[in-house]
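Novice: Have a look at the structure that comes next, please.
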Amino acid sequence: MPVLDVDALLDDRGTEIIVCCGSGGVGKTTTSAALALRAAERGRKVVVLTIDPARRLAQSMGIEKLDNTPRPVAGIEASGDGALDAMMLDMKRTFDEVVESQATPEKAKQILENPFYIALSSSFAGTQEYMAMEKLGQLHREALGQGTYDLIVVDTPPSRSALDFLDAPERLSSFLDGRLIRLLVAPARGPARLMTAGLSVVTNALGKILGGQMLRDVQTFVTALDTLFGSFRQRAEKTFALLQADGTAFIVVAAPEPDALREAAYFVDRLTDDDMPLAGLVINRASPSARTELSAEEAIAAADRLRAQDSSSLTAGLLQLHADRVRIVEREQRLRERFAASHPQVPTTVVPAMAGDVHDLDGLREIGRKLADEE
Amino acid sequence: MTAYPDRSPDWPQVGLHVVTGKGGTGKSTVAAALALALATTGKNVLLCEVEGRQGIAKMFDVDPLPYEERRIAKGAPDESGRAGQVFALHIDPESALLEYLAMYYRLGRAGRALDRFGVIDFATTIAPGVRDVLLTGKVYEAVQRPRGGRKKDQVQYDAVVLDAPPTGRIGQFLNVNSELAGLAKVGPVKSQADNIMNLLRSPRTAVHLVTILEEMPVQETSDAVAELRAAGLPVGGVVVNLVRPQALSAASLAQVRDDAVDLTAITSQLTRAKVDVDAELVASLVDEGRDHAVRRQLEDEQRALVAAEDLPTYELPRLAAGIDRGALLELAQLLRQQGLA
């Protein structure tokens, strides 16, 4: 397995964006924060965009308030120009800002108050993904324009599937310029008139299912948003192009578990198919191996012998724990080998599990050292 | 493996068990084990998944599931070796929508037109919440299925287990119908949404939360409990999963943690147990013991927080060999012994 050289990636001034992705519960947020901190302390001007950090971690980074603006993180031991800002994504506010920046104040108000918009912007399963990418685009433009940052680290939302955030913007923008929208906006206008018969069947069906009032809400929303469609699509396309650019590096995070590695494999394949720049795989929270060669079977046999004499033997307990650890390490090793066999080209780094939880900068530094394989 | 008799179940009135948990806590494993545990003699249990992962098929080592109920396993056997049946259903929103339209509206040509205009795609991916409405709607149908219903070959279920979205999304997922009922003020969608909410808020439903003894998952569990209660959704039990082996007594744990173990005694015991022993081996075992003791202490802190929620709690061990059919049956027996099923 080739090794993922994290420090080389962070030190390369050509690396402008790092996107951390992976399925839920594998430690993406902590990994993103640890990478950002390490980069800052190695002299980069970094901003990290997190989605849903643990409360104590957010507090330690000074971002427990959700105000959608990057804030400097105190306590950085930076070298050179290094600095770290952090922010937590507020998806509704980001969406509102897009609308406000694109529409006249009057129209913006109309959109923001529409019940359908309120539902879409706060609960559509893909909105978070779309807004994370939107915010990334904004930060990148700001970084280019004002030189505030030279590296952006993005955490991705805890999606149903790790792939959602790549698809969501495209899905939303293709909906916004799709046939359905044109149908709702202008049921009997322009070339669509030719299909009026088919159309009325559809609108009638929709009315029957949704009820007339909800259909009217949707129509009002779509009509108000009409002028913005082009810009939504353009923005989505720009973000997609940004993700494909040379300055972007994707890091796939996985736990050494079958589900997480399966998601990681899908993700690696998808990135490869879409020509997205994959930097490598982080296997997070791996069980640390024991320093002795004693096999699980020998340990269990010895523990049984001791327990026959003293059922509460401490030594027997230690042997049992050792056997348990050896079995887990062996299973994780098999899972990793299986992944490597189907994806031999993916550079990988393994981060051993810490004994405690991480909720301060020292903990993040420790993870950073493990990511970079520095003892 | 039934070391002591099964307890009488804690949730006899529940027909719909919703299982949620933070990513990485093993909620799908627990949902599958619960379905096996509920399937006692003569009972039929349906295990549903809604997240498009085909996790059930992988756990039970069968081909990917279609949008169709399939018998996938016998339940966990009782003392006489008998068991009921577990069926599985992979619910995808597209199929659920088409089925729903066909069932309630007999749309025919219009149904196909909807698809051509991207309405199906819109409804199942973009439209806020519609996806969740469809998924919960199908589960509702399976729970409420009348005896001798329209389709003769349909199985009637004694219990349905839903492998639900993670805790971060569970409130929104289960509550989507009440939001929808608010958006659509009249019409068939509203009445369907109201019916689903009535079931979900009734004592016939229990939302079980799966956690591991770590800070984030426990925090999310207590957030979810508060959110579910605020939404009037019935909170069930907490399943503490992936519990580390209890190989050391409290006294031993303290000794190991405080570096107060007698290395000479361990060395001589290892020799007596016919282990080829050297100082390095002893040091490694003690180090491993110390790591474990530190983790156990953190687990105990988190266990106290879980206990403070004052909900029925069940514990399942971390199985070193991973999860397969045999492991699921073992976990099912443990759930039965503790009374979740």
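In the structure tokens, each chain is lettered A, B, ... as it comes, each chain's residues begin at 1, and ligands are numbered from 1 in order of appearance.
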Can you list, as a list in words, every protein, DNA or RNA residue that comes within 12 Å of Ala247 of chain B when you count only C-alpha atoms, leaving out same-chain residues fewer than 5 positions away?
Specialist: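 Once the adjacent positions are removed, what remains is Ile300, Ala303, Arg307, Ser311, Ser312, Ser313, Leu314, Thr315, Ala316, Gly317, Leu318, Leu319, Gln320, Leu321, His322, Ala323 and Asp324 of chain A; Ser252, Leu253, Gly289, His292, Ala293, Arg296 and Pro317 of chain B.
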Novice: Identify all residues of segment 4-109 of chain A in alpha helix (DSSP H) (DSSP on the backbone) and supply them as a ChimeraX atom specification.
Specialist: /A:6-11,28-41,55-61,91-102,105-109
Novice: Tell me which protein, DNA and RNA residues are within 12 Å of Gly326 of chain B, counting only C-alpha atoms, leaving out same-chain ones fewer than 2 positions away, and put them as a list in words.
Specialist: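 The neighbour list is Met1, Ala32, Ala33, Leu36, Met59, Phe60, Asp61, Ala73, Lys74, Gly75, Ala76, Pro77, Leu319, Ala321, Gly322, Ile323, Asp324, Leu328, Leu329, Glu330, Leu331, Ala332 and Gln333 of chain B.
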Novice: Take the residues that were just selected and, keeping all heavy atoms, output them as a short mmCIF file (atom, residue, chain, number, x, y, z; two decimals), in the first residue's frame.
Specialist:
data_model
loop_
_atom_site.label_atom_id
_atom_site.label_comp_id
_atom_site.auth_asym_id
_atom_site.auth_seq_id
_atom_site.Cartn_x
_atom_site.Cartn_y
_atom_site.Cartn_z
N MET B 1 -27.00 -21.27 24.15
CA MET B 1 -26.28 -20.21 24.82
C MET B 1 -27.16 -19.49 25.83
O MET B 1 -26.72 -18.58 26.51
CB MET B 1 -25.66 -19.26 23.79
CG MET B 1 -26.50 -18.12 23.30
SD MET B 1 -25.39 -16.71 22.98
CE MET B 1 -25.25 -15.96 24.58
N ALA B 32 -31.30 -5.57 13.11
CA ALA B 32 -31.39 -6.95 12.62
C ALA B 32 -31.50 -7.93 13.79
O ALA B 32 -32.33 -8.85 13.76
CB ALA B 32 -30.17 -7.28 11.76
N ALA B 33 -30.70 -7.71 14.82
CA ALA B 33 -30.74 -8.61 15.98
C ALA B 33 -32.11 -8.52 16.66
O ALA B 33 -32.66 -9.54 17.09
CB ALA B 33 -29.63 -8.26 16.96
N LEU B 36 -34.65 -10.56 14.75
CA LEU B 36 -34.48 -11.98 15.03
C LEU B 36 -35.03 -12.33 16.42
O LEU B 36 -35.62 -13.39 16.62
CB LEU B 36 -32.99 -12.36 14.97
CG LEU B 36 -32.34 -12.34 13.59
CD1 LEU B 36 -30.83 -12.48 13.70
CD2 LEU B 36 -32.91 -13.46 12.71
N MET B 59 -25.53 -8.11 5.71
CA MET B 59 -25.44 -8.77 7.02
C MET B 59 -25.89 -10.22 6.95
O MET B 59 -25.30 -11.08 7.58
CB MET B 59 -26.34 -8.04 8.02
CG MET B 59 -25.63 -7.06 8.89
SD MET B 59 -26.77 -6.39 10.11
CE MET B 59 -27.80 -5.33 9.11
N PHE B 60 -26.97 -10.47 6.19
CA PHE B 60 -27.50 -11.84 6.12
C PHE B 60 -26.89 -12.63 4.97
O PHE B 60 -27.27 -13.76 4.72
CB PHE B 60 -29.02 -11.81 6.02
CG PHE B 60 -29.70 -11.43 7.33
CD1 PHE B 60 -29.98 -10.11 7.62
CD2 PHE B 60 -30.00 -12.41 8.26
CE1 PHE B 60 -30.58 -9.76 8.81
CE2 PHE B 60 -30.60 -12.07 9.47
CZ PHE B 60 -30.89 -10.75 9.75
N ASP B 61 -25.99 -11.98 4.25
CA ASP B 61 -25.30 -12.62 3.15
C ASP B 61 -26.28 -13.20 2.11
O ASP B 61 -26.23 -14.38 1.77
CB ASP B 61 -24.36 -13.73 3.70
CG ASP B 61 -23.31 -14.12 2.68
OD1 ASP B 61 -23.07 -13.32 1.76
OD2 ASP B 61 -22.74 -15.23 2.80
N ALA B 73 -34.70 -15.06 7.03
CA ALA B 73 -34.11 -15.85 8.12
C ALA B 73 -35.20 -16.39 9.04
O ALA B 73 -36.32 -15.87 9.06
CB ALA B 73 -33.16 -14.98 8.94
N LYS B 74 -34.84 -17.42 9.79
CA LYS B 74 -35.68 -17.82 10.91
C LYS B 74 -35.26 -16.98 12.09
O LYS B 74 -34.11 -16.53 12.17
CB LYS B 74 -35.46 -19.30 11.23
CG LYS B 74 -36.13 -20.24 10.23
CD LYS B 74 -35.88 -21.68 10.59
CE LYS B 74 -36.85 -22.12 11.67
NZ LYS B 74 -36.84 -23.60 11.83
N GLY B 75 -36.18 -16.77 13.01
CA GLY B 75 -35.83 -15.99 14.19
C GLY B 75 -34.84 -16.73 15.08
O GLY B 75 -34.46 -17.86 14.79
N ALA B 76 -34.45 -16.09 16.17
CA ALA B 76 -33.57 -16.75 17.13
C ALA B 76 -34.38 -17.84 17.83
O ALA B 76 -35.47 -17.56 18.31
CB ALA B 76 -33.05 -15.73 18.14
N PRO B 77 -33.88 -19.08 17.86
CA PRO B 77 -34.66 -20.18 18.43
C PRO B 77 -34.89 -20.03 19.94
O PRO B 77 -34.07 -19.45 20.64
CB PRO B 77 -33.80 -21.42 18.16
CG PRO B 77 -32.44 -20.91 17.83
CD PRO B 77 -32.59 -19.52 17.33
N LEU B 319 -18.16 -7.83 19.45
CA LEU B 319 -17.72 -9.18 19.09
C LEU B 319 -16.48 -9.07 18.22
O LEU B 319 -16.52 -8.49 17.14
CB LEU B 319 -18.84 -9.93 18.35
CG LEU B 319 -20.15 -10.09 19.16
CD1 LEU B 319 -21.24 -10.70 18.30
CD2 LEU B 319 -19.91 -10.93 20.40
N ALA B 321 -14.90 -10.98 16.35
CA ALA B 321 -14.85 -11.57 15.01
C ALA B 321 -15.73 -10.82 14.01
O ALA B 321 -15.76 -11.15 12.83
CB ALA B 321 -15.28 -13.03 15.08
N GLY B 322 -16.47 -9.79 14.44
CA GLY B 322 -17.33 -9.05 13.52
C GLY B 322 -18.71 -9.65 13.46
O GLY B 322 -19.05 -10.54 14.24
N ILE B 323 -19.53 -9.15 12.52
CA ILE B 323 -20.94 -9.52 12.47
C ILE B 323 -21.24 -10.45 11.30
O ILE B 323 -20.94 -10.13 10.15
CB ILE B 323 -21.81 -8.24 12.34
CG1 ILE B 323 -21.63 -7.34 13.57
CG2 ILE B 323 -23.28 -8.61 12.15
CD1 ILE B 323 -22.06 -7.98 14.89
N ASP B 324 -21.83 -11.60 11.60
CA ASP B 324 -22.39 -12.47 10.56
C ASP B 324 -23.69 -13.03 11.12
O ASP B 324 -24.12 -12.64 12.22
CB ASP B 324 -21.39 -13.57 10.17
CG ASP B 324 -20.96 -14.39 11.38
OD1 ASP B 324 -21.60 -14.27 12.45
OD2 ASP B 324 -19.99 -15.16 11.27
N LEU B 328 -25.41 -12.34 14.80
CA LEU B 328 -26.70 -11.69 14.96
C LEU B 328 -27.62 -12.50 15.87
O LEU B 328 -28.33 -11.95 16.72
CB LEU B 328 -27.37 -11.49 13.59
CG LEU B 328 -26.75 -10.42 12.70
CD1 LEU B 328 -27.38 -10.45 11.31
CD2 LEU B 328 -26.91 -9.02 13.31
N LEU B 329 -27.58 -13.84 15.71
CA LEU B 329 -28.41 -14.69 16.57
C LEU B 329 -27.96 -14.59 18.03
O LEU B 329 -28.78 -14.56 18.94
CB LEU B 329 -28.34 -16.15 16.09
CG LEU B 329 -29.13 -16.44 14.81
CD1 LEU B 329 -28.80 -17.83 14.27
CD2 LEU B 329 -30.64 -16.32 15.08
N GLU B 330 -26.63 -14.52 18.21
CA GLU B 330 -26.10 -14.40 19.57
C GLU B 330 -26.60 -13.08 20.20
O GLU B 330 -27.05 -13.06 21.34
CB GLU B 330 -24.57 -14.39 19.45
CG GLU B 330 -23.84 -14.60 20.74
CD GLU B 330 -22.31 -14.63 20.49
OE1 GLU B 330 -21.87 -15.02 19.38
OE2 GLU B 330 -21.58 -14.24 21.43
N LEU B 331 -26.54 -11.99 19.42
CA LEU B 331 -27.00 -10.69 19.94
C LEU B 331 -28.51 -10.73 20.20
O LEU B 331 -29.01 -10.16 21.19
CB LEU B 331 -26.65 -9.57 18.96
CG LEU B 331 -25.15 -9.33 18.72
CD1 LEU B 331 -24.95 -8.25 17.67
CD2 LEU B 331 -24.44 -8.94 20.02
N ALA B 332 -29.25 -11.43 19.30
CA ALA B 332 -30.71 -11.53 19.47
C ALA B 332 -31.04 -12.21 20.80
O ALA B 332 -31.93 -11.78 21.53
CB ALA B 332 -31.31 -12.31 18.31
N GLN B 333 -30.30 -13.30 21.12
CA GLN B 333 -30.53 -14.00 22.39
C GLN B 333 -30.29 -13.06 23.56
O GLN B 333 -31.03 -13.06 24.55
CB GLN B 333 -29.61 -15.22 22.52
CG GLN B 333 -29.79 -16.26 21.43
CD GLN B 333 -31.03 -17.13 21.62
OE1 GLN B 333 -31.91 -16.79 22.41
NE2 GLN B 333 -31.12 -18.22 20.87
#
Novice: Here is a test: counting only C-alpha atoms, which residue of A:Ser23, A:Thr239, A:Asn114, A:Thr69 is nearest to chain B?
Specialist: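 Closest to chain B, using only C-alpha atoms: A:Ser23.
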Novice: Which polymer residues have any atom within 8 Å of an atom of Glu134 of chain A, counting only C-alpha atoms, with same-chain residues fewer than 2 positions away left out, as a list in words?
Specialist: Thr94, Tyr130, Met131, Ala132, Leu136, Gly137, Gln138, Arg235, Ala236 and Thr239 of chain A
Novice: What's around Asp291 of chain B at 12 Å? Count only C-alpha atoms, leave out sequence neighbours fewer than 6 positions away in its own chain, and write the answer as a list in words.
Specialist: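 Close residues of Asp291 of chain B: Ser287, Pro288, Ser289, Ala290, Leu318, Leu321, His322, Arg325, Ala353, Met354, Ala355 and Gly356 of chain A; Arg244, Leu253, Val256, Arg257, Asp258, Asp259, Ser284, Leu285, Gln297 and Leu298 of chain B.
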Novice: Would you put the residues from that selection into a file with C-alpha atoms, as a PDB file, in the first residue's frame?
Specialist:
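What ended up in again.pdb:
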ATOM      1  CA  SER A 287      -7.046  -0.717  17.014  1.00  0.00           C
ATOM      2  CA  PRO A 288      -3.418  -0.458  18.092  1.00  0.00           C
ATOM      3  CA  SER A 289      -1.574  -3.740  17.718  1.00  0.00           C
ATOM      4  CA  ALA A 290       0.016  -5.481  20.670  1.00  0.00           C
ATOM      5  CA  LEU A 318      -5.092  -9.655  30.801  1.00  0.00           C
ATOM      6  CA  LEU A 321      -8.031  -8.862  26.701  1.00  0.00           C
ATOM      7  CA  HIS A 322      -4.945  -9.632  24.664  1.00  0.00           C
ATOM      8  CA  ARG A 325      -7.276  -7.270  20.803  1.00  0.00           C
ATOM      9  CA  ALA A 353      -7.462   4.982  18.149  1.00  0.00           C
ATOM     10  CA  MET A 354      -6.754   7.269  21.077  1.00  0.00           C
ATOM     11  CA  ALA A 355      -7.605   6.013  24.552  1.00  0.00           C
ATOM     12  CA  GLY A 356      -9.733   9.105  25.278  1.00  0.00           C
TER      13      GLY A 356
ATOM     14  CA  ARG B 244     -15.782  -3.838  25.733  1.00  0.00           C
ATOM     15  CA  LEU B 253      -8.945  -2.321  36.712  1.00  0.00           C
ATOM     16  CA  VAL B 256      -3.788  -1.763  36.293  1.00  0.00           C
ATOM     17  CA  ARG B 257      -4.679   1.907  35.950  1.00  0.00           C
ATOM     18  CA  ASP B 258      -2.549   2.877  38.948  1.00  0.00           C
ATOM     19  CA  ASP B 259       0.426   0.782  37.817  1.00  0.00           C
ATOM     20  CA  SER B 284       2.904  -5.625  26.681  1.00  0.00           C
ATOM     21  CA  LEU B 285       0.049  -7.383  28.492  1.00  0.00           C
ATOM     22  CA  GLN B 297     -13.208   4.340  33.014  1.00  0.00           C
ATOM     23  CA  LEU B 298     -14.440   6.609  30.180  1.00  0.00           C
TER      24      LEU B 298
END
Novice: What does the structure give for the distance between atom CA of Arg38 of chain A and atom CA of Met1 of chain A, in Å to one decimal?
Specialist: 24.0 Å
Novice: Got a sec: who's within 12 Å of Ser202 of chain B, counting only C-alpha atoms, leaving out chain neighbours fewer than 2 positions off, as a ChimeraX atom specification?
Specialist: /B:13-17,195-200,204-207,232-236
Novice: Rounded to one decimal place, report the atom CA of Gln302 of chain B-atom CA of Leu34 of chain B distance in Å.
Specialist: 23.4 Å
Novice: Which residue gives the smallest distance to Ser8 of chain B among B:Leu340, B:Val282, B:Val50, B:Ala35, with only C-alpha atoms counted?
Specialist: B:Leu340
